[in-house]
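Here is the file upload00.cif (mmCIF, C-alpha atoms).
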```
data_protein
loop_
_atom_site.label_atom_id
_atom_site.label_comp_id
_atom_site.auth_asym_id
_atom_site.auth_seq_id
_atom_site.Cartn_x
_atom_site.Cartn_y
_atom_site.Cartn_z
CA MET A 2 116.63 87.28 73.37
CA THR A 3 113.12 87.27 74.87
CA LYS A 4 111.33 90.56 74.40
CA LEU A 5 109.25 92.42 76.98
CA ALA A 6 105.90 94.20 76.60
CA PHE A 7 103.91 96.37 79.01
CA VAL A 8 100.12 96.52 78.72
CA PHE A 9 97.78 98.95 80.45
CA PRO A 10 94.20 98.19 81.58
CA GLY A 11 90.96 99.96 80.70
CA GLN A 12 87.64 100.47 82.44
CA GLY A 13 86.59 97.72 84.80
CA SER A 14 89.94 97.63 86.61
CA GLN A 15 89.08 100.50 88.98
CA ALA A 16 88.43 99.93 92.68
CA ALA A 17 87.91 102.35 95.57
CA GLY A 18 91.10 102.61 97.60
CA MET A 19 93.35 101.44 94.75
CA LEU A 20 97.07 102.23 95.13
CA ASP A 21 96.58 103.20 98.77
CA GLU A 22 99.35 100.86 99.90
CA MET A 23 101.71 102.08 97.17
CA ALA A 24 101.07 105.70 98.14
CA THR A 25 101.99 104.96 101.77
CA GLY A 26 105.47 103.90 100.77
CA ASN A 27 106.05 106.12 97.75
CA GLU A 28 105.42 109.87 97.39
CA LEU A 29 105.44 109.49 93.60
CA VAL A 30 101.88 108.11 93.61
CA ARG A 31 100.42 111.20 95.26
CA LYS A 32 102.55 113.43 93.03
CA ILE A 33 101.12 111.83 89.88
CA TYR A 34 97.56 112.12 91.20
CA ASN A 35 98.13 115.72 92.31
CA GLU A 36 99.29 116.62 88.80
CA ALA A 37 96.06 115.13 87.46
CA SER A 38 93.99 117.02 90.05
CA GLU A 39 95.45 120.34 88.86
CA VAL A 40 94.23 119.59 85.33
CA LEU A 41 90.83 118.25 86.40
CA GLY A 42 89.95 120.89 88.99
CA TYR A 43 89.10 118.41 91.75
CA ASP A 44 91.02 116.12 94.10
CA LEU A 45 91.35 112.89 92.10
CA TRP A 46 93.16 111.01 94.88
CA GLU A 47 90.40 111.81 97.38
CA LEU A 48 87.78 110.66 94.88
CA VAL A 49 89.62 107.36 94.29
CA GLN A 50 90.05 106.66 98.00
CA LEU A 51 86.60 107.74 99.26
CA ASN A 52 84.49 107.18 96.12
CA PRO A 53 81.62 109.55 97.06
CA GLU A 54 78.30 108.72 95.37
CA ASP A 55 80.02 105.89 93.46
CA LYS A 56 81.75 108.51 91.29
CA LEU A 57 84.68 106.21 90.53
CA ASN A 58 82.37 104.09 88.35
CA GLN A 59 81.12 107.10 86.39
CA THR A 60 83.04 107.12 83.11
CA GLU A 61 84.34 110.70 83.21
CA TYR A 62 85.92 110.00 86.62
CA THR A 63 86.94 106.39 85.95
CA GLN A 64 89.11 107.24 82.98
CA PRO A 65 91.42 109.84 84.61
CA ALA A 66 91.62 107.72 87.78
CA LEU A 67 92.85 104.65 85.91
CA LEU A 68 95.23 106.62 83.71
CA ALA A 69 96.80 108.23 86.79
CA GLY A 70 97.08 104.86 88.54
CA SER A 71 98.74 103.18 85.58
CA ILE A 72 101.20 106.03 85.02
CA ALA A 73 102.07 106.17 88.74
CA LEU A 74 102.95 102.45 88.65
CA TRP A 75 104.88 102.95 85.39
CA HIS A 76 107.03 105.68 86.98
CA ILE A 77 107.61 103.53 90.07
CA TRP A 78 108.80 100.73 87.77
CA LEU A 79 111.27 103.10 86.07
CA GLU A 80 112.33 104.53 89.45
CA ASN A 81 113.28 101.01 90.51
CA GLN A 82 115.46 100.57 87.40
CA GLY A 83 112.90 98.32 85.78
CA GLN A 84 113.69 97.27 82.22
CA GLN A 85 112.33 99.41 79.40
CA PRO A 86 109.83 97.31 77.40
CA ASP A 87 110.17 96.64 73.68
CA TYR A 88 106.44 97.17 73.11
CA VAL A 89 103.47 98.80 74.82
CA ALA A 90 99.72 98.49 74.31
CA GLY A 91 96.57 99.33 76.23
CA HIS A 92 93.01 98.02 76.30
CA SER A 93 90.66 100.83 75.20
CA LEU A 94 91.27 103.64 77.73
CA GLY A 95 94.59 101.92 78.54
CA GLU A 96 95.88 102.95 75.12
CA TYR A 97 96.22 106.48 76.48
CA SER A 98 98.41 105.16 79.33
CA ALA A 99 100.52 103.34 76.73
CA LEU A 100 100.87 106.54 74.70
CA VAL A 101 102.10 108.44 77.77
CA ALA A 102 104.58 105.64 78.57
CA ALA A 103 105.83 105.73 74.96
CA GLY A 104 106.33 109.50 75.06
CA VAL A 105 103.65 110.23 72.44
CA LEU A 106 101.43 112.26 74.78
CA ASP A 107 102.25 114.49 77.73
CA TYR A 108 100.67 113.14 80.90
CA GLN A 109 98.69 116.33 81.61
CA ASP A 110 97.33 116.37 78.05
CA ALA A 111 96.31 112.73 78.37
CA ILE A 112 94.45 113.41 81.65
CA MET A 113 92.52 116.25 80.03
CA LEU A 114 91.74 114.11 76.97
CA VAL A 115 90.42 111.09 78.89
CA GLN A 116 88.22 113.25 81.10
CA LYS A 117 86.58 114.64 77.96
CA ARG A 118 86.56 111.20 76.31
CA GLY A 119 84.65 109.80 79.28
CA ARG A 120 82.19 112.68 79.26
CA PHE A 121 81.59 112.52 75.50
CA MET A 122 81.13 108.74 75.53
CA GLN A 123 78.74 108.93 78.47
CA HIS A 124 76.53 111.49 76.78
CA ALA A 125 76.60 110.08 73.23
CA VAL A 126 73.59 107.82 73.85
CA PRO A 127 70.65 108.49 76.21
CA VAL A 128 70.69 106.23 79.28
CA GLY A 129 68.82 103.00 78.63
CA GLU A 130 69.00 103.16 74.83
CA GLY A 131 72.28 101.28 74.55
CA SER A 132 74.02 98.47 76.37
CA MET A 133 76.75 95.80 76.22
CA ALA A 134 76.99 92.05 76.83
CA ALA A 135 79.72 89.43 77.03
CA ILE A 136 79.37 86.40 74.75
CA LEU A 137 81.25 83.34 76.02
CA GLY A 138 82.09 80.17 74.14
CA LEU A 139 81.46 81.25 70.54
CA ASP A 140 83.94 81.90 67.71
CA ASP A 141 84.59 85.54 66.81
CA ASP A 142 83.23 85.10 63.28
CA GLN A 143 80.01 83.57 64.58
CA VAL A 144 79.45 86.50 66.95
CA VAL A 145 80.04 88.98 64.14
CA GLU A 146 77.61 87.10 61.87
CA VAL A 147 74.86 87.03 64.52
CA CYS A 148 75.31 90.75 65.16
CA GLN A 149 74.99 91.48 61.44
CA GLN A 150 71.76 89.44 61.31
CA CYS A 151 70.35 91.38 64.28
CA SER A 152 71.26 94.82 62.90
CA SER A 153 68.79 96.46 60.55
CA GLU A 154 67.51 99.84 61.63
CA GLU A 155 69.22 99.33 64.98
CA VAL A 156 72.89 98.70 65.69
CA VAL A 157 74.64 95.85 67.48
CA GLN A 158 78.25 94.86 66.86
CA ALA A 159 81.34 93.25 68.34
CA ALA A 160 83.01 95.80 70.63
CA ASN A 161 85.86 93.89 72.32
CA PHE A 162 87.63 90.81 71.01
CA ASN A 163 89.07 90.05 74.44
CA SER A 164 90.25 86.45 74.05
CA PRO A 165 89.24 83.35 72.08
CA GLY A 166 85.71 82.55 73.18
CA GLN A 167 85.13 85.93 74.87
CA VAL A 168 83.66 88.72 72.77
CA VAL A 169 81.81 91.76 74.11
CA ILE A 170 79.01 93.15 71.95
CA ALA A 171 77.45 96.62 72.09
CA GLY A 172 74.58 98.56 70.55
CA HIS A 173 70.92 99.49 70.86
CA THR A 174 69.37 97.59 73.77
CA ALA A 175 66.69 95.84 71.70
CA ALA A 176 69.17 94.73 69.01
CA LEU A 177 71.60 93.63 71.70
CA ASN A 178 68.95 91.46 73.33
CA ARG A 179 68.22 89.84 69.96
CA ALA A 180 71.93 89.22 69.42
CA MET A 181 72.33 87.67 72.88
CA GLN A 182 69.54 85.24 72.10
CA GLY A 183 70.95 84.57 68.63
CA CYS A 184 74.41 83.83 70.02
CA GLN A 185 72.99 81.37 72.51
CA GLU A 186 71.03 79.65 69.75
CA ALA A 187 74.28 79.47 67.74
CA GLY A 188 75.95 77.61 70.62
CA ALA A 189 77.35 80.27 72.96
CA ARG A 190 77.92 78.96 76.48
CA ARG A 191 76.64 82.16 78.07
CA ALA A 192 75.46 85.65 77.14
CA ILE A 193 75.91 88.02 80.07
CA PRO A 194 74.51 91.58 80.17
CA LEU A 195 77.17 94.01 81.43
CA THR A 196 76.57 96.78 83.95
CA VAL A 197 77.84 99.69 81.86
CA SER A 198 76.54 103.18 81.27
CA ALA A 199 76.77 103.24 77.46
CA PRO A 200 77.41 101.01 74.39
CA PHE A 201 81.14 101.70 74.11
CA HIS A 202 83.08 100.85 70.93
CA SER A 203 79.95 100.76 68.77
CA GLN A 204 78.75 102.97 65.93
CA LEU A 205 76.53 104.72 68.49
CA MET A 206 79.70 106.38 69.80
CA LYS A 207 80.27 108.36 66.57
CA PRO A 208 78.99 111.63 68.12
CA ALA A 209 81.61 111.21 70.87
CA ALA A 210 84.28 110.47 68.26
CA ALA A 211 83.47 113.68 66.37
CA LYS A 212 83.88 115.76 69.53
CA MET A 213 87.00 113.86 70.51
CA SER A 214 88.55 114.50 67.11
CA VAL A 215 88.41 118.24 67.83
CA GLU A 216 90.08 117.82 71.25
CA LEU A 217 92.77 115.48 69.92
CA GLY A 218 93.57 118.06 67.26
CA LYS A 219 94.54 120.57 69.95
CA VAL A 220 97.22 118.35 71.49
CA ARG A 221 100.78 117.58 70.40
CA PHE A 222 101.54 113.99 69.37
CA ARG A 223 105.17 112.81 69.16
CA THR A 224 106.83 109.83 67.51
CA PRO A 225 106.80 106.90 69.98
CA ASN A 226 110.07 106.04 71.73
CA ILE A 227 108.67 102.57 72.45
CA SER A 228 106.81 100.61 69.74
CA ILE A 229 103.07 100.87 70.35
CA ILE A 230 100.34 98.54 69.13
CA GLN A 231 96.99 100.29 68.77
CA ASN A 232 93.55 98.74 69.35
CA VAL A 233 91.86 99.52 66.04
CA TYR A 234 94.10 97.48 63.74
CA ALA A 235 96.20 95.49 66.25
CA LYS A 236 99.27 96.79 64.44
CA ILE A 237 102.33 98.85 65.37
CA GLU A 238 101.92 102.51 64.48
CA THR A 239 104.76 105.03 64.42
CA ASP A 240 103.28 108.05 62.65
CA PRO A 241 101.96 110.63 65.17
CA GLU A 242 99.11 111.72 62.86
CA LYS A 243 97.93 108.15 62.29
CA ILE A 244 98.11 107.50 66.03
CA ARG A 245 95.84 110.53 66.53
CA GLN A 246 93.39 109.32 63.86
CA ASN A 247 93.32 105.81 65.35
CA LEU A 248 92.25 107.24 68.72
CA VAL A 249 89.20 108.75 67.02
CA LEU A 250 88.37 105.46 65.27
CA GLN A 251 88.91 103.55 68.50
CA ILE A 252 85.88 105.18 70.15
CA TYR A 253 83.39 103.49 67.78
CA SER A 254 85.46 100.48 66.64
CA ALA A 255 86.17 97.11 68.24
CA VAL A 256 89.13 96.63 70.58
CA LYS A 257 91.23 93.90 68.94
CA TRP A 258 92.88 92.61 72.10
CA THR A 259 93.25 88.99 70.99
CA GLY A 260 95.02 90.21 67.86
CA THR A 261 97.25 92.51 69.89
CA VAL A 262 98.52 89.68 72.09
CA GLN A 263 98.91 87.36 69.10
CA LEU A 264 101.05 90.04 67.42
CA LEU A 265 103.22 90.33 70.55
CA ALA A 266 103.80 86.58 70.40
CA THR A 267 104.75 86.81 66.71
CA LEU A 268 107.22 89.61 67.56
CA GLY A 269 109.03 87.33 70.03
CA VAL A 270 107.61 88.72 73.27
CA GLY A 271 108.06 86.18 76.06
CA LYS A 272 106.94 88.29 79.02
CA VAL A 273 104.04 90.73 79.31
CA VAL A 274 103.55 92.97 82.33
CA GLU A 275 100.13 94.41 83.13
CA CYS A 276 100.87 97.82 84.64
CA GLY A 277 97.86 99.25 86.42
CA PRO A 278 95.13 98.55 88.95
CA GLY A 279 93.63 95.06 88.87
CA LYS A 280 94.73 92.08 86.78
CA ILE A 281 92.06 91.68 84.10
CA LEU A 282 94.53 91.68 81.20
CA ARG A 283 96.66 89.02 82.86
CA GLY A 284 93.62 86.76 82.93
CA LEU A 285 92.96 87.38 79.23
CA MET A 286 96.62 86.78 78.43
CA LYS A 287 96.47 83.25 79.80
CA ARG A 288 93.50 82.47 77.56
CA ILE A 289 95.14 83.92 74.45
CA ASP A 290 98.69 82.50 74.67
CA ARG A 291 99.94 80.43 77.60
CA ASN A 292 103.48 80.47 76.18
CA ILE A 293 103.80 84.12 77.17
CA GLU A 294 104.65 84.66 80.84
CA SER A 295 102.16 87.17 82.26
CA LEU A 296 103.15 89.37 85.17
CA VAL A 297 101.47 92.27 86.95
CA ILE A 298 102.36 95.49 88.76
CA ASN A 299 99.53 96.70 90.99
CA ASP A 300 101.05 96.81 94.51
CA ALA A 301 104.41 96.63 96.30
CA ALA A 302 104.56 92.82 96.39
CA SER A 303 103.75 92.38 92.69
CA LEU A 304 106.26 95.11 91.81
CA GLN A 305 109.02 93.23 93.61
CA ASP A 306 107.98 89.91 92.08
CA THR A 307 108.06 91.40 88.60
CA LEU A 308 111.43 93.11 89.16
CA ASN A 309 112.82 89.76 90.26
CA SER A 310 111.37 87.98 87.22
CA ILE A 311 112.81 90.30 84.57
#
```
When written as structure tokens, how does the structure in this file appear?
Amino acid sequence: MTKLAFVFPGQGSQAAGMLDEMATGNELVRKIYNEASEVLGYDLWELVQLNPEDKLNQTEYTQPALLAGSIALWHIWLENQGQQPDYVAGHSLGEYSALVAAGVLDYQDAIMLVQKRGRFMQHAVPVGEGSMAAILGLDDDQVVEVCQQCSSEEVVQAANFNSPGQVVIAGHTAALNRAMQGCQEAGARRAIPLTVSAPFHSQLMKPAAAKMSVELGKVRFRTPNISIIQNVYAKIETDPEKIRQNLVLQIYSAVKWTGTVQLLATLGVGKVVECGPGKILRGLMKRIDRNIESLVINDAASLQDTLNSI
């Protein structure tokens, strides 16, 4: 029997006005956002819809907004008698959505954690000292090798293994620029600087990880009721304490998304549903394994299409 997985997106999937249509037809969306607002101390739904001063793209606001959106869509799926998946996973921030879906974290705890995660990550490196870039058309091992050659006193490393031929690198700006040039000389098709506020998933995030470790220690973690694949090792983890530790490591380690999808294929998953705003993961899915049917839930029409397909 074909197995089903749900995956949850990370930063980059946010958009002002997201889930507006879903909220019009379903009170559950506003309920989920209102619960988040009580934890955060501000109106998260209003921020998402109006996006004053481009706040939605500031990490400490982006992370709760996306978590709330993904969990609202997850509850709508369950409300419509959608099938329980065999596996869940999330890309970076999306791992917190997956942990809520799997019953490991309470939703309110997760909202509080990702707000602090965003804040800690934003402030770990002074603005301008670190950056990220996407390397297209080069093997993973070649990207890693170039980064090692460009790291001496400064840091640059692979941050996201998103799909074959698409690796994001992160680190000190000067080292990153050297690595971009080195990757192009090694045969990369393109090296594209990313508009981000910090070098996420690099060693420069260790100060954020130390602070996050303290916050994660205050929160209860349960055994998953759905098998979860975590970013750091692209492996299933069932032990609540190891799940907690992996979330600390995740902040300064690479997101192994290609490996995650390849593991799903090995486990017999034939359909993967991206549950959350946007459809970035669906695009990556097609580049990693075209044998897996990729679906999405981000509005009423896609919800119905996915319900009909499963």
Applying 7 Å and all atoms listed in the file, which residues near range 145-153 of chain A remain after dropping the ones on its own chain fewer than 4 positions away? List them as a PDB file with C-alpha atoms, keeping the file's coordinate frame.
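For reference, part28.pdb as written:
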```pdb
ATOM      1  CA  ASP A 141      84.590  85.540  66.810  1.00  0.00           C
ATOM      2  CA  VAL A 157      74.640  95.850  67.480  1.00  0.00           C
ATOM      3  CA  GLN A 158      78.250  94.860  66.860  1.00  0.00           C
ATOM      4  CA  ALA A 159      81.340  93.250  68.340  1.00  0.00           C
ATOM      5  CA  ALA A 176      69.170  94.730  69.010  1.00  0.00           C
ATOM      6  CA  ARG A 179      68.220  89.840  69.960  1.00  0.00           C
ATOM      7  CA  ALA A 180      71.930  89.220  69.420  1.00  0.00           C
ATOM      8  CA  GLY A 183      70.950  84.570  68.630  1.00  0.00           C
ATOM      9  CA  CYS A 184      74.410  83.830  70.020  1.00  0.00           C
TER      10      CYS A 184
END
```
Practice task
To verify the selection step, state as a PyMOL selection string which residues the PyMOL selection byres ((chain A and resi 124-134) around 10) yields on this input.
Solution key: chain A and resi 119-123+135-137+156-160+168-178+180-181+191-203+205-210+212
Residues just named, written with C-alpha atoms as a short mmCIF file (atom, residue, chain, number, x, y, z; two decimals), in the coordinates of the input:
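Contents of result-v3.cif, freshly written:
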```
data_model
loop_
_atom_site.label_atom_id
_atom_site.label_comp_id
_atom_site.auth_asym_id
_atom_site.auth_seq_id
_atom_site.Cartn_x
_atom_site.Cartn_y
_atom_site.Cartn_z
CA GLY A 119 84.65 109.80 79.28
CA ARG A 120 82.19 112.68 79.26
CA PHE A 121 81.59 112.52 75.50
CA MET A 122 81.13 108.74 75.53
CA GLN A 123 78.74 108.93 78.47
CA ALA A 135 79.72 89.43 77.03
CA ILE A 136 79.37 86.40 74.75
CA LEU A 137 81.25 83.34 76.02
CA VAL A 156 72.89 98.70 65.69
CA VAL A 157 74.64 95.85 67.48
CA GLN A 158 78.25 94.86 66.86
CA ALA A 159 81.34 93.25 68.34
CA ALA A 160 83.01 95.80 70.63
CA VAL A 168 83.66 88.72 72.77
CA VAL A 169 81.81 91.76 74.11
CA ILE A 170 79.01 93.15 71.95
CA ALA A 171 77.45 96.62 72.09
CA GLY A 172 74.58 98.56 70.55
CA HIS A 173 70.92 99.49 70.86
CA THR A 174 69.37 97.59 73.77
CA ALA A 175 66.69 95.84 71.70
CA ALA A 176 69.17 94.73 69.01
CA LEU A 177 71.60 93.63 71.70
CA ASN A 178 68.95 91.46 73.33
CA ALA A 180 71.93 89.22 69.42
CA MET A 181 72.33 87.67 72.88
CA ARG A 191 76.64 82.16 78.07
CA ALA A 192 75.46 85.65 77.14
CA ILE A 193 75.91 88.02 80.07
CA PRO A 194 74.51 91.58 80.17
CA LEU A 195 77.17 94.01 81.43
CA THR A 196 76.57 96.78 83.95
CA VAL A 197 77.84 99.69 81.86
CA SER A 198 76.54 103.18 81.27
CA ALA A 199 76.77 103.24 77.46
CA PRO A 200 77.41 101.01 74.39
CA PHE A 201 81.14 101.70 74.11
CA HIS A 202 83.08 100.85 70.93
CA SER A 203 79.95 100.76 68.77
CA LEU A 205 76.53 104.72 68.49
CA MET A 206 79.70 106.38 69.80
CA LYS A 207 80.27 108.36 66.57
CA PRO A 208 78.99 111.63 68.12
CA ALA A 209 81.61 111.21 70.87
CA ALA A 210 84.28 110.47 68.26
CA LYS A 212 83.88 115.76 69.53
#
```
Exercise for the section: For the point (86.7, 111.2, 84.3) in the file's frame, write as JSON, numbers by chain all residues with an atom no more than 10 Å away, counting all atoms listed in the file. Expected result: {"A": [41, 45, 56, 57, 58, 59, 60, 61, 62, 63, 64, 65, 66, 67, 68, 112, 113, 114, 115, 116, 117, 118, 119, 120]}
Practice task
Spell out the residues picked by the PyMOL selection byres ((chain A and resi 287) around 12) here, as a ChimeraX atom specification.
Solution key: /A:163-165,259,262-263,272-273,280-286,288-296
Practice task
Pull out every residue that the PyMOL selection byres ((chain A and resi 24-30) around 9) matches in the shown coordinates and put them as a PyMOL selection string.
Solution key: chain A and resi 20-23+31-35+69-70+72-74+76-77+301
Please return, as a CSV table (one decimal) with C-alpha atoms, keeping the file's coordinate frame, all polymer residues that have at least one atom within 7 Å of the point (89.8, 101.1, 89.3); use all atoms listed in the file and the file's own coordinate frame.
```
chain,number,residue,atom,x,y,z
A,13,GLY,CA,86.6,97.7,84.8
A,14,SER,CA,89.9,97.6,86.6
A,15,GLN,CA,89.1,100.5,89.0
A,16,ALA,CA,88.4,99.9,92.7
A,17,ALA,CA,87.9,102.4,95.6
A,19,MET,CA,93.4,101.4,94.8
A,63,THR,CA,86.9,106.4,86.0
A,67,LEU,CA,92.8,104.6,85.9
A,278,PRO,CA,95.1,98.6,89.0
```
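In this structure, CA of Gly91 in chain A sits 4.4 Å away from CA of Phe9 in chain A.
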Exercise for the section: Go through A:Ile252, A:Leu5, A:Val274, A:Val233 and flag the residue nearest Ser303 in chain A, using all atoms listed in the file for the distances. Expected result: A:Val274
Problem - Shell around Val49 in chain A at 6 Å using all atoms listed in the file, local window under 3 positions removed, as a PyMOL selection string - result: chain A and resi 17-18+46+52
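Here CA of Glu54 in chain A stands at a distance of 20.5 Å from CA of Ala37 in chain A.
With CA of Ser71 in chain A on one side and CA of Thr267 in chain A on the other, the separation reads 25.7 Å.
Shortest atom-to-atom contact with Lys243 in chain A among A:Gly95, A:Gly260, A:Gly42, A:Gly218: A:Gly218, counting only C-alpha atoms.
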